[in-house]
>>> print(open('work.txt').read())   # compact mmCIF, C-alpha atoms and all ligand atoms
# COMPACT_ATOMS: atom_id res chain seq x y z
CA MET A 873 20.70 -2.38 4.08
CA GLU A 874 20.43 -4.86 1.22
CA LEU A 875 17.00 -6.44 1.02
CA SER A 876 15.45 -8.42 -1.76
CA TYR A 877 11.90 -9.57 -2.27
CA ASP A 878 11.89 -13.34 -2.12
CA MET A 879 8.81 -15.00 -3.60
CA ALA A 880 10.09 -18.29 -2.16
CA CYS A 881 8.89 -16.87 1.16
CA VAL A 882 5.52 -18.22 0.13
CA SER A 883 5.33 -21.95 -0.23
CA PRO A 884 3.69 -23.37 -3.36
CA THR A 885 -0.04 -23.81 -3.59
CA HIS A 886 -1.91 -27.12 -3.62
CA SER A 887 -1.25 -29.25 -6.68
CA GLN A 888 -3.93 -31.88 -6.00
CA ALA A 889 -7.09 -30.18 -4.81
CA GLY A 890 -9.26 -33.33 -4.87
CA ALA A 891 -12.98 -33.31 -4.23
CA PHE A 892 -14.54 -30.91 -1.76
CA PRO A 893 -16.88 -31.95 1.07
CA GLU A 894 -20.55 -31.26 0.42
CA ASP A 895 -20.86 -28.89 3.37
CA LEU A 896 -17.76 -26.80 2.88
CA GLU A 897 -18.53 -24.33 5.70
CA ASP A 898 -18.88 -27.14 8.27
CA ALA A 899 -15.73 -28.81 6.98
CA ILE A 900 -13.80 -25.54 7.32
CA LEU A 901 -15.01 -25.07 10.89
CA GLU A 902 -14.04 -28.66 11.70
CA LEU A 903 -10.57 -28.19 10.20
CA LYS A 904 -10.20 -24.92 12.08
CA ARG A 905 -10.77 -26.81 15.34
CA GLU A 906 -8.46 -29.68 14.35
CA ARG A 907 -5.66 -27.28 13.37
CA ASN A 908 -6.19 -25.06 16.40
CA ALA A 909 -6.50 -22.18 13.95
CA VAL A 910 -7.95 -18.70 14.14
CA LEU A 911 -9.53 -17.22 11.01
CA LEU A 912 -8.92 -13.51 10.43
CA ALA A 913 -10.66 -11.77 7.50
CA HIS A 914 -10.74 -8.33 5.92
CA TYR A 915 -14.03 -6.62 5.03
CA TYR A 916 -13.24 -7.03 1.32
CA GLN A 917 -13.60 -10.81 1.47
CA ASP A 918 -16.65 -12.59 0.07
CA SER A 919 -19.50 -12.54 2.60
CA GLU A 920 -19.38 -16.31 3.14
CA VAL A 921 -15.71 -16.00 4.12
CA GLN A 922 -16.48 -13.07 6.47
CA ASP A 923 -19.25 -15.14 8.09
CA LEU A 924 -16.84 -17.97 8.96
CA ALA A 925 -14.15 -15.72 10.42
CA ASP A 926 -13.37 -15.39 14.12
CA PHE A 927 -12.58 -11.74 13.50
CA VAL A 928 -13.38 -9.38 10.61
CA GLY A 929 -11.80 -5.94 10.48
CA ASP A 930 -9.86 -3.24 8.69
CA SER A 931 -6.07 -3.32 8.34
CA LEU A 932 -5.41 -1.78 11.74
CA ALA A 933 -7.91 -3.93 13.62
CA LEU A 934 -6.52 -7.04 11.92
CA ALA A 935 -2.95 -6.14 12.92
CA GLN A 936 -4.18 -5.53 16.47
CA ALA A 937 -6.08 -8.85 16.43
CA ALA A 938 -2.88 -10.58 15.29
CA THR A 939 -1.19 -9.48 18.53
CA ARG A 940 -3.86 -11.31 20.58
CA VAL A 941 -3.75 -14.69 18.86
CA GLU A 942 -3.34 -17.70 21.15
CA ARG A 943 -3.92 -20.51 18.65
CA GLU A 944 -1.17 -22.27 16.73
CA VAL A 945 -2.29 -21.34 13.23
CA ILE A 946 -3.54 -18.10 11.66
CA ALA A 947 -5.54 -18.55 8.46
CA PHE A 948 -5.52 -15.06 7.01
CA CYS A 949 -8.25 -14.19 4.52
CA GLY A 950 -6.99 -10.95 3.12
CA VAL A 951 -4.12 -9.90 0.90
CA HIS A 952 -0.51 -10.92 1.24
CA PHE A 953 0.81 -7.83 3.05
CA MET A 954 -1.84 -8.33 5.75
CA ALA A 955 -0.91 -11.99 6.28
CA GLU A 956 2.75 -10.98 6.24
CA THR A 957 2.08 -8.42 8.98
CA ALA A 958 0.42 -11.16 11.04
CA LYS A 959 3.51 -13.34 10.52
CA ILE A 960 5.86 -10.50 11.52
CA LEU A 961 3.89 -10.23 14.77
CA ASN A 962 3.69 -14.02 15.24
CA PRO A 963 6.99 -15.59 14.15
CA GLU A 964 6.31 -18.75 16.16
CA ARG A 965 2.89 -19.42 14.59
CA VAL A 966 2.02 -20.87 11.21
CA VAL A 967 0.34 -18.23 9.00
CA VAL A 968 -1.46 -19.48 5.91
CA ILE A 969 -3.26 -17.57 3.18
CA PRO A 970 -5.83 -19.23 0.88
CA ASP A 971 -4.30 -17.79 -2.31
CA PRO A 972 -0.67 -16.60 -2.29
CA GLU A 973 -1.37 -14.54 -5.42
CA ALA A 974 -3.60 -12.24 -3.37
CA GLY A 975 -1.32 -9.23 -3.72
CA CYS A 976 -2.10 -5.52 -3.78
CA SER A 977 -1.37 -2.95 -6.49
CA LEU A 978 0.09 -0.62 -3.86
CA ALA A 979 2.46 -3.21 -2.38
CA ASP A 980 3.37 -4.63 -5.78
CA GLY A 981 3.97 -1.14 -7.20
CA CYS A 982 6.68 -0.36 -4.66
CA PRO A 983 9.57 -2.79 -5.27
CA PRO A 984 11.99 -2.77 -2.32
CA ASP A 985 15.13 -2.12 -4.40
CA GLU A 986 13.55 0.89 -6.10
CA PHE A 987 12.21 2.13 -2.79
CA ARG A 988 15.70 1.81 -1.27
CA ALA A 989 17.06 4.06 -4.03
CA PHE A 990 14.16 6.51 -3.50
CA VAL A 991 14.88 6.73 0.24
CA ASP A 992 18.60 7.18 -0.44
CA ARG A 993 17.82 10.18 -2.65
CA HIS A 994 16.35 11.95 0.41
CA PRO A 995 18.94 11.61 3.15
CA GLY A 996 17.67 12.65 6.57
CA ALA A 997 13.98 12.22 5.68
CA ALA A 998 11.87 10.02 7.94
CA VAL A 999 9.86 7.24 6.28
CA LEU A 1000 6.16 6.71 6.99
CA SER A 1001 4.79 3.72 5.07
CA TYR A 1002 1.19 2.72 4.57
CA ILE A 1003 0.72 -0.86 5.76
CA ASN A 1004 -0.10 -1.80 2.12
CA CYS A 1005 3.55 -2.55 1.35
CA SER A 1006 5.93 -5.50 1.53
CA ALA A 1007 7.82 -6.56 4.66
CA GLU A 1008 11.00 -5.30 2.98
CA VAL A 1009 9.54 -1.80 2.57
CA LYS A 1010 8.30 -1.88 6.16
CA ALA A 1011 11.84 -2.80 7.19
CA MET A 1012 13.04 0.49 5.65
CA SER A 1013 10.39 2.55 7.45
CA ASP A 1014 10.38 4.54 10.68
CA LEU A 1015 6.66 4.11 11.22
CA ILE A 1016 3.73 2.27 9.62
CA CYS A 1017 0.22 3.64 9.26
CA THR A 1018 -3.14 2.41 8.05
CA SER A 1019 -5.97 4.42 6.56
CA SER A 1020 -7.54 4.77 10.01
CA ASN A 1021 -4.51 6.29 11.74
CA ALA A 1022 -2.47 7.86 8.91
CA VAL A 1023 -3.16 11.45 9.98
CA LYS A 1024 -2.11 10.78 13.58
CA MET A 1025 1.01 8.89 12.46
CA ALA A 1026 2.03 11.67 10.06
CA ARG A 1027 1.76 14.23 12.88
CA GLN A 1028 4.58 12.37 14.67
CA PHE A 1029 7.01 13.88 12.15
CA GLU A 1030 6.27 17.60 12.51
CA GLY A 1031 9.33 19.65 11.61
CA ARG A 1032 11.01 16.76 9.77
CA ASP A 1033 11.29 15.94 6.09
CA LEU A 1034 8.90 13.03 5.52
CA ILE A 1035 8.64 10.35 2.86
CA PHE A 1036 5.13 8.88 2.54
CA ALA A 1037 4.75 5.61 0.62
CA PRO A 1038 3.28 3.98 -1.38
CA ASP A 1039 -0.17 5.60 -1.96
CA ARG A 1040 -0.15 9.06 -3.52
CA HIS A 1041 -3.88 9.62 -2.93
CA LEU A 1042 -3.70 8.80 0.76
CA ALA A 1043 -0.54 10.93 0.98
CA ARG A 1044 -2.30 13.93 -0.58
CA TRP A 1045 -5.29 13.57 1.75
CA VAL A 1046 -3.07 13.21 4.82
CA ALA A 1047 -1.00 16.24 3.75
CA GLN A 1048 -4.21 18.30 3.51
CA GLN A 1049 -5.34 17.18 6.98
CA ILE A 1050 -2.06 18.12 8.64
CA GLY A 1051 -1.46 21.27 6.59
CA ARG A 1052 1.75 20.20 4.90
CA ASP A 1053 2.65 20.57 1.25
CA ASP A 1054 6.14 19.13 1.40
CA LEU A 1055 5.60 15.37 1.76
CA ILE A 1056 7.94 13.32 -0.42
CA VAL A 1057 5.51 10.88 -2.02
CA TRP A 1058 6.01 7.50 -3.66
CA PRO A 1059 3.55 7.69 -6.58
CA GLY A 1060 1.58 4.44 -6.13
CA ALA A 1061 -2.19 3.94 -6.32
CA CYS A 1062 -4.86 1.34 -5.63
CA VAL A 1063 -6.40 -0.09 -8.79
CA VAL A 1064 -9.79 -0.36 -7.12
CA HIS A 1065 -10.09 3.10 -5.55
CA GLU A 1066 -8.50 4.93 -8.45
CA GLN A 1067 -11.14 3.71 -10.89
CA PHE A 1068 -14.09 5.52 -9.29
CA SER A 1069 -15.31 8.24 -11.66
CA ALA A 1070 -15.77 11.74 -10.24
CA GLN A 1071 -17.90 12.73 -13.22
CA ARG A 1072 -20.28 9.81 -12.91
CA LEU A 1073 -20.39 10.24 -9.14
CA ALA A 1074 -21.53 13.85 -9.62
CA GLN A 1075 -24.33 12.62 -11.92
CA LEU A 1076 -25.35 9.97 -9.38
CA ARG A 1077 -25.53 12.57 -6.60
CA LEU A 1078 -27.93 14.63 -8.71
CA LYS A 1079 -30.23 11.60 -8.89
CA HIS A 1080 -29.97 11.02 -5.12
CA PRO A 1081 -29.68 14.48 -3.58
CA ASP A 1082 -30.31 13.21 -0.03
CA ALA A 1083 -27.72 10.46 -0.18
CA GLU A 1084 -24.57 10.71 1.90
CA VAL A 1085 -21.30 9.93 0.08
CA LEU A 1086 -18.77 7.85 2.04
CA ALA A 1087 -15.29 7.36 0.60
CA HIS A 1088 -12.00 5.66 1.40
CA PRO A 1089 -8.96 8.00 1.38
CA GLU A 1090 -7.30 5.88 -1.34
CA CYS A 1091 -9.73 7.51 -3.82
CA ASP A 1092 -8.73 10.21 -6.26
CA GLU A 1093 -8.91 13.87 -5.15
CA ALA A 1094 -11.93 14.68 -7.37
CA VAL A 1095 -13.89 11.79 -5.79
CA LEU A 1096 -12.89 12.75 -2.23
CA ALA A 1097 -13.94 16.34 -2.94
CA GLN A 1098 -17.53 15.06 -3.28
CA ALA A 1099 -17.47 12.92 -0.14
CA ASP A 1100 -19.39 13.84 3.01
CA PHE A 1101 -17.28 11.45 5.05
CA ILE A 1102 -13.80 10.00 4.44
CA ALA A 1103 -12.49 7.08 6.50
CA SER A 1104 -11.09 3.57 6.58
CA THR A 1105 -13.39 0.62 5.91
CA THR A 1106 -14.25 0.38 9.62
CA GLY A 1107 -15.05 4.09 9.67
CA ILE A 1108 -17.21 3.79 6.55
CA ILE A 1109 -19.17 0.87 8.03
CA GLN A 1110 -19.73 2.68 11.35
CA ARG A 1111 -20.80 5.87 9.62
CA ALA A 1112 -23.17 4.02 7.27
CA VAL A 1113 -24.86 2.36 10.23
CA GLU A 1114 -25.11 5.54 12.33
CA SER A 1115 -25.90 8.05 9.57
CA GLN A 1116 -29.33 9.73 9.45
CA ALA A 1117 -29.30 9.29 5.67
CA SER A 1118 -31.29 6.33 4.37
CA THR A 1119 -29.32 6.19 1.12
CA LEU A 1120 -25.55 5.93 1.05
CA ILE A 1121 -23.23 6.13 -1.94
CA ILE A 1122 -20.07 4.24 -1.09
CA ALA A 1123 -16.69 4.70 -2.75
CA THR A 1124 -14.77 1.67 -1.61
CA GLU A 1125 -14.68 -2.07 -2.35
CA ASP A 1126 -18.23 -3.40 -1.99
CA GLY A 1127 -17.20 -6.16 0.45
CA VAL A 1128 -18.08 -3.62 3.16
CA PHE A 1129 -21.76 -3.84 2.12
CA HIS A 1130 -22.10 -7.18 3.89
CA GLN A 1131 -21.40 -5.78 7.39
CA ILE A 1132 -23.53 -2.67 6.78
CA GLN A 1133 -26.46 -4.78 5.55
CA GLN A 1134 -26.26 -6.96 8.66
CA LYS A 1135 -26.18 -3.99 11.04
CA ALA A 1136 -28.53 -1.65 9.14
CA PRO A 1137 -30.62 -3.79 6.76
CA ARG A 1138 -32.98 -0.93 5.78
CA LYS A 1139 -30.27 1.34 4.42
CA ARG A 1140 -30.07 1.66 0.66
CA LEU A 1141 -26.46 1.16 -0.43
CA ILE A 1142 -25.27 2.36 -3.83
CA GLN A 1143 -21.82 1.61 -5.15
CA ALA A 1144 -19.97 4.69 -6.41
CA PRO A 1145 -19.65 4.32 -10.19
CA GLY A 1146 -16.43 3.38 -11.90
CA VAL A 1147 -15.00 4.82 -15.09
CA ASP A 1148 -15.85 1.63 -16.98
CA GLU A 1149 -19.54 0.75 -16.66
CA SER A 1150 -19.03 -2.76 -18.04
CA CYS A 1151 -16.60 -3.96 -15.40
CA ALA A 1152 -16.93 -4.90 -11.72
CA CYS A 1153 -13.73 -2.95 -11.05
CA ASN A 1154 -14.94 -1.97 -7.59
CA ARG A 1155 -14.10 -5.55 -6.52
CA CYS A 1156 -10.50 -5.99 -5.43
CA PRO A 1157 -9.13 -8.58 -7.87
CA PHE A 1158 -6.59 -9.69 -5.27
CA MET A 1159 -8.83 -9.98 -2.22
CA ARG A 1160 -11.41 -11.91 -4.19
CA LEU A 1161 -8.90 -14.62 -5.12
CA ASN A 1162 -9.54 -16.12 -1.68
CA THR A 1163 -12.48 -18.51 -1.87
CA LEU A 1164 -14.07 -20.99 0.51
CA GLU A 1165 -12.50 -23.84 -1.50
CA LYS A 1166 -9.01 -22.38 -1.16
CA LEU A 1167 -9.61 -21.68 2.53
CA TYR A 1168 -10.58 -25.32 3.01
CA LEU A 1169 -7.42 -26.47 1.23
CA CYS A 1170 -5.11 -24.15 3.12
CA LEU A 1171 -6.47 -25.36 6.46
CA ARG A 1172 -6.32 -28.98 5.32
CA ASP A 1173 -2.73 -28.79 3.99
CA LEU A 1174 -1.41 -25.85 6.07
CA THR A 1175 -0.08 -24.34 2.89
CA PRO A 1176 0.59 -21.84 1.28
CA GLU A 1177 2.46 -20.67 4.33
CA VAL A 1178 3.59 -17.05 4.63
CA ARG A 1179 7.19 -16.70 5.72
CA VAL A 1180 9.37 -13.66 6.27
CA PRO A 1181 13.18 -13.89 6.48
CA GLU A 1182 14.13 -13.25 10.12
CA ALA A 1183 16.43 -10.28 9.42
CA VAL A 1184 13.64 -8.54 7.50
CA ARG A 1185 11.02 -9.51 10.09
CA VAL A 1186 12.95 -7.97 12.96
CA ARG A 1187 13.45 -4.68 11.10
CA ALA A 1188 9.84 -4.59 9.92
CA LEU A 1189 8.51 -5.34 13.41
CA ALA A 1190 9.84 -2.14 15.02
CA PRO A 1191 7.78 0.39 12.95
CA ILE A 1192 4.68 -1.84 13.19
CA GLN A 1193 4.99 -2.03 16.97
CA ARG A 1194 5.48 1.71 17.15
CA MET A 1195 2.25 2.18 15.21
CA LEU A 1196 0.40 -0.25 17.48
CA GLU A 1197 1.63 1.56 20.59
CA LEU A 1198 0.59 4.94 19.19
CA SER A 1199 -2.82 3.51 18.22
CA ALA A 1200 -3.65 1.80 21.52
P1 LIG G 1 -8.45 -0.41 5.44
O1 LIG G 1 -7.36 0.30 6.19
O2 LIG G 1 -9.72 0.37 5.49
O3 LIG G 1 -8.58 -1.81 5.86
O4 LIG G 1 -8.03 -0.41 3.92
C1 LIG G 1 -7.25 -1.44 3.40
C2 LIG G 1 -7.23 -1.46 1.96
O5 LIG G 1 -6.55 -2.22 1.35
C3 LIG G 1 -8.07 -0.49 1.28
O6 LIG G 1 -8.03 -0.74 -0.04
FE1 LIG G 2 -4.66 -3.21 -2.42
FE2 LIG G 2 -6.57 -1.71 -3.46
FE3 LIG G 2 -7.03 -4.30 -3.12
FE4 LIG G 2 -6.87 -2.65 -1.01
S1 LIG G 2 -8.43 -2.65 -2.61
S2 LIG G 2 -5.88 -4.64 -1.21
S3 LIG G 2 -5.31 -1.21 -1.70
S4 LIG G 2 -5.50 -3.38 -4.51
>>> encode(input="work.txt", output="structure tokens", more="lines below")
Ligand code: 13P
Ligand code: SF4
Amino acid sequence: MELSYDMACVSPTHSQAGAFPEDLEDAILELKRERNAVLLAHYYQDSEVQDLADFVGDSLALAQAATRVEREVIAFCGVHFMAETAKILNPERVVVIPDPEAGCSLADGCPPDEFRAFVDRHPGAAVLSYINCSAEVKAMSDLICTSSNAVKMARQFEGRDLIFAPDRHLARWVAQQIGRDDLIVWPGACVVHEQFSAQRLAQLRLKHPDAEVLAHPECDEAVLAQADFIASTTGIIQRAVESQASTLIIATEDGVFHQIQQKAPRKRLIQAPGVDESCACNRCPFMRLNTLEKLYLCLRDLTPEVRVPEAVRVRALAPIQRMLELSA
């Protein structure tokens, strides 16, 4: 199968932004009605974007929400692979993303041509890909997983050689959960989760001995070793709300704080420390490219539109649908 990554799949962004209405939130809601659009957002979006969304969720919940859309337009506030997944599931609808540069270090670090060669070096191995990858990589996969169902999806391949791509930290954690040490792993990583410092986390835990540590499985092994609870963003939010602990140290992008604060306003939330104290590296630089202004423009102009070549879409759809069926 010859697949190439075509940046032309994303139409160009707005050249003439013009002035913005004074009440941007109201204007966005008005445009949403006019365009018959639904607004889907990931937990890593700015809180004002989350507050405008019809649905906020983790990667799995957003893919599931994309199967229930009845409106003509999906405005996807998340990163490109998430919007692309929505498009794969909704070929007849217009899918727009506020900033087409909202990529992901995992997806961008797994170029389809190199992944094709990697797969070819392991004939007979099944391919399980984390949803944080391009449509082209999905099209080469037998099954897709997200952080909330990766363990269950990996168990589908007992007794078979298995390639896991593109996150080596998630792969290692999944392998531990299912008791395998033979996964064939594409060595990618998330720039946000990889920067949490295990050493500084250990110091922080000494200062807050009663705090519970919640971590996303994209974190490094030494960080996960200190976690009381490891889960997807939805799992982290639920645990933070339900936990008996009044102080929580959280090792994921701090966009999740918004939902926790709304549901459990008395909890003290502390961001797990990064290696570099001077940088806000716990913010996903890609997710945070989406702003209210760009959301307004993308609803006004219905661009940048996310498109997926039909041959790729059809091949990518099968492993996504399989995941959705297994996760129902
Ligand atoms: P979730 O599966 O928790 O949404 O994670 C997505 C992601 O990109 C984490 O960095
Ligand atoms: Fe990708 Fe990491 Fe950003 Fe998630 S937080 S979208 S994995 S770069």
>>> closest_residue(input="work.txt", among="A:Pro1137, A:Gly975, A:Gly981, A:Pro1145", to="ligand LIG 1 (chain G)", atoms="all atoms listed in the file")
A:Gly975
>>> atom_distance(input="work.txt", atom1="atom CA of Ala958 of chain A", atom2="atom CA of Arg1155 of chain A")
23.5 Å
>>> residues_near_ligand(input="work.txt", ligand="ligand LIG 2 (chain G)", cutoff="9 Å", atoms="only C-alpha atoms and all ligand atoms", output="PyMOL selection string")
chain A and resi 916+950-954+974-980+1004+1039+1061-1066+1090+1124-1125+1154-1160
>>> atom_distance(input="work.txt", atom1="atom CA of Gln1131 of chain A", atom2="atom CA of Asp930 of chain A")
11.9 Å
>>> atom_distance(input="work.txt", atom1="atom CA of Asp895 of chain A", atom2="atom CA of Leu924 of chain A")
12.9 Å
>>> residues_near_ligand(input="work.txt", ligand="ligand LIG 1 (chain G)", cutoff="6 Å", atoms="all atoms listed in the file", output="list in words")
Asp930, Ser931, Thr1018, Ser1019, Ser1020, Ser1104 and Thr1105 of chain A
>>> write_last_selection(input="work.txt", atoms="C-alpha atoms", output="CSV table (one decimal), in the coordinates of the input")
chain,number,residue,atom,x,y,z
A,930,ASP,CA,-9.9,-3.2,8.7
A,931,SER,CA,-6.1,-3.3,8.3
A,1018,THR,CA,-3.1,2.4,8.0
A,1019,SER,CA,-6.0,4.4,6.6
A,1020,SER,CA,-7.5,4.8,10.0
A,1104,SER,CA,-11.1,3.6,6.6
A,1105,THR,CA,-13.4,0.6,5.9
>>> closest_residue(input="work.txt", among="A:Thr1163, A:Gln936, A:Ser1118, A:Gln1049", to="Cys949 of chain A", atoms="all atoms listed in the file")
A:Thr1163
>>> axis_aligned_box(input="work.txt", around="segment 1117-1134 of chain A", padding_each_side="4 Å", output="JSON")
{"center_x": -23.0, "center_y": 1.1, "center_z": 3.0, "size_x": 24.6, "size_y": 24.5, "size_z": 19.4}
>>> residues_around(input="work.txt", residues="segment 1057-1059 of chain A", least_positions_apart="3", cutoff="7 Å", atoms="all atoms listed in the file", output="PDB file with C-alpha atoms, in the coordinates of the input")
ATOM      1  CA  ILE A1035       8.640  10.350   2.860  1.00  0.00           C
ATOM      2  CA  PHE A1036       5.130   8.880   2.540  1.00  0.00           C
ATOM      3  CA  ALA A1037       4.750   5.610   0.620  1.00  0.00           C
ATOM      4  CA  PRO A1038       3.280   3.980  -1.380  1.00  0.00           C
ATOM      5  CA  ASP A1039      -0.170   5.600  -1.960  1.00  0.00           C
ATOM      6  CA  ARG A1040      -0.150   9.060  -3.520  1.00  0.00           C
ATOM      7  CA  ALA A1043      -0.540  10.930   0.980  1.00  0.00           C
TER       8      ALA A1043
END
>>> closest_residue(input="work.txt", among="A:Leu911, A:Ala1152, A:Met1012, A:Ala1117", to="His1080 of chain A", atoms="all atoms listed in the file")
A:Ala1117
>>> closest_residue(input="work.txt", among="A:Arg1052, A:Ala1099, A:Arg965, A:Ser1013", to="Gly1031 of chain A", atoms="all atoms listed in the file")
A:Arg1052
>>> closest_residue(input="work.txt", among="A:Val941, A:Ala998, A:Ile900, A:Ala1123", to="His1088 of chain A", atoms="all atoms listed in the file")
A:Ala1123
>>> closest_residue(input="work.txt", among="A:Asp1126, A:Glu1084, A:Glu897, A:Asp1054", to="Lys1139 of chain A", atoms="all atoms listed in the file")
A:Glu1084
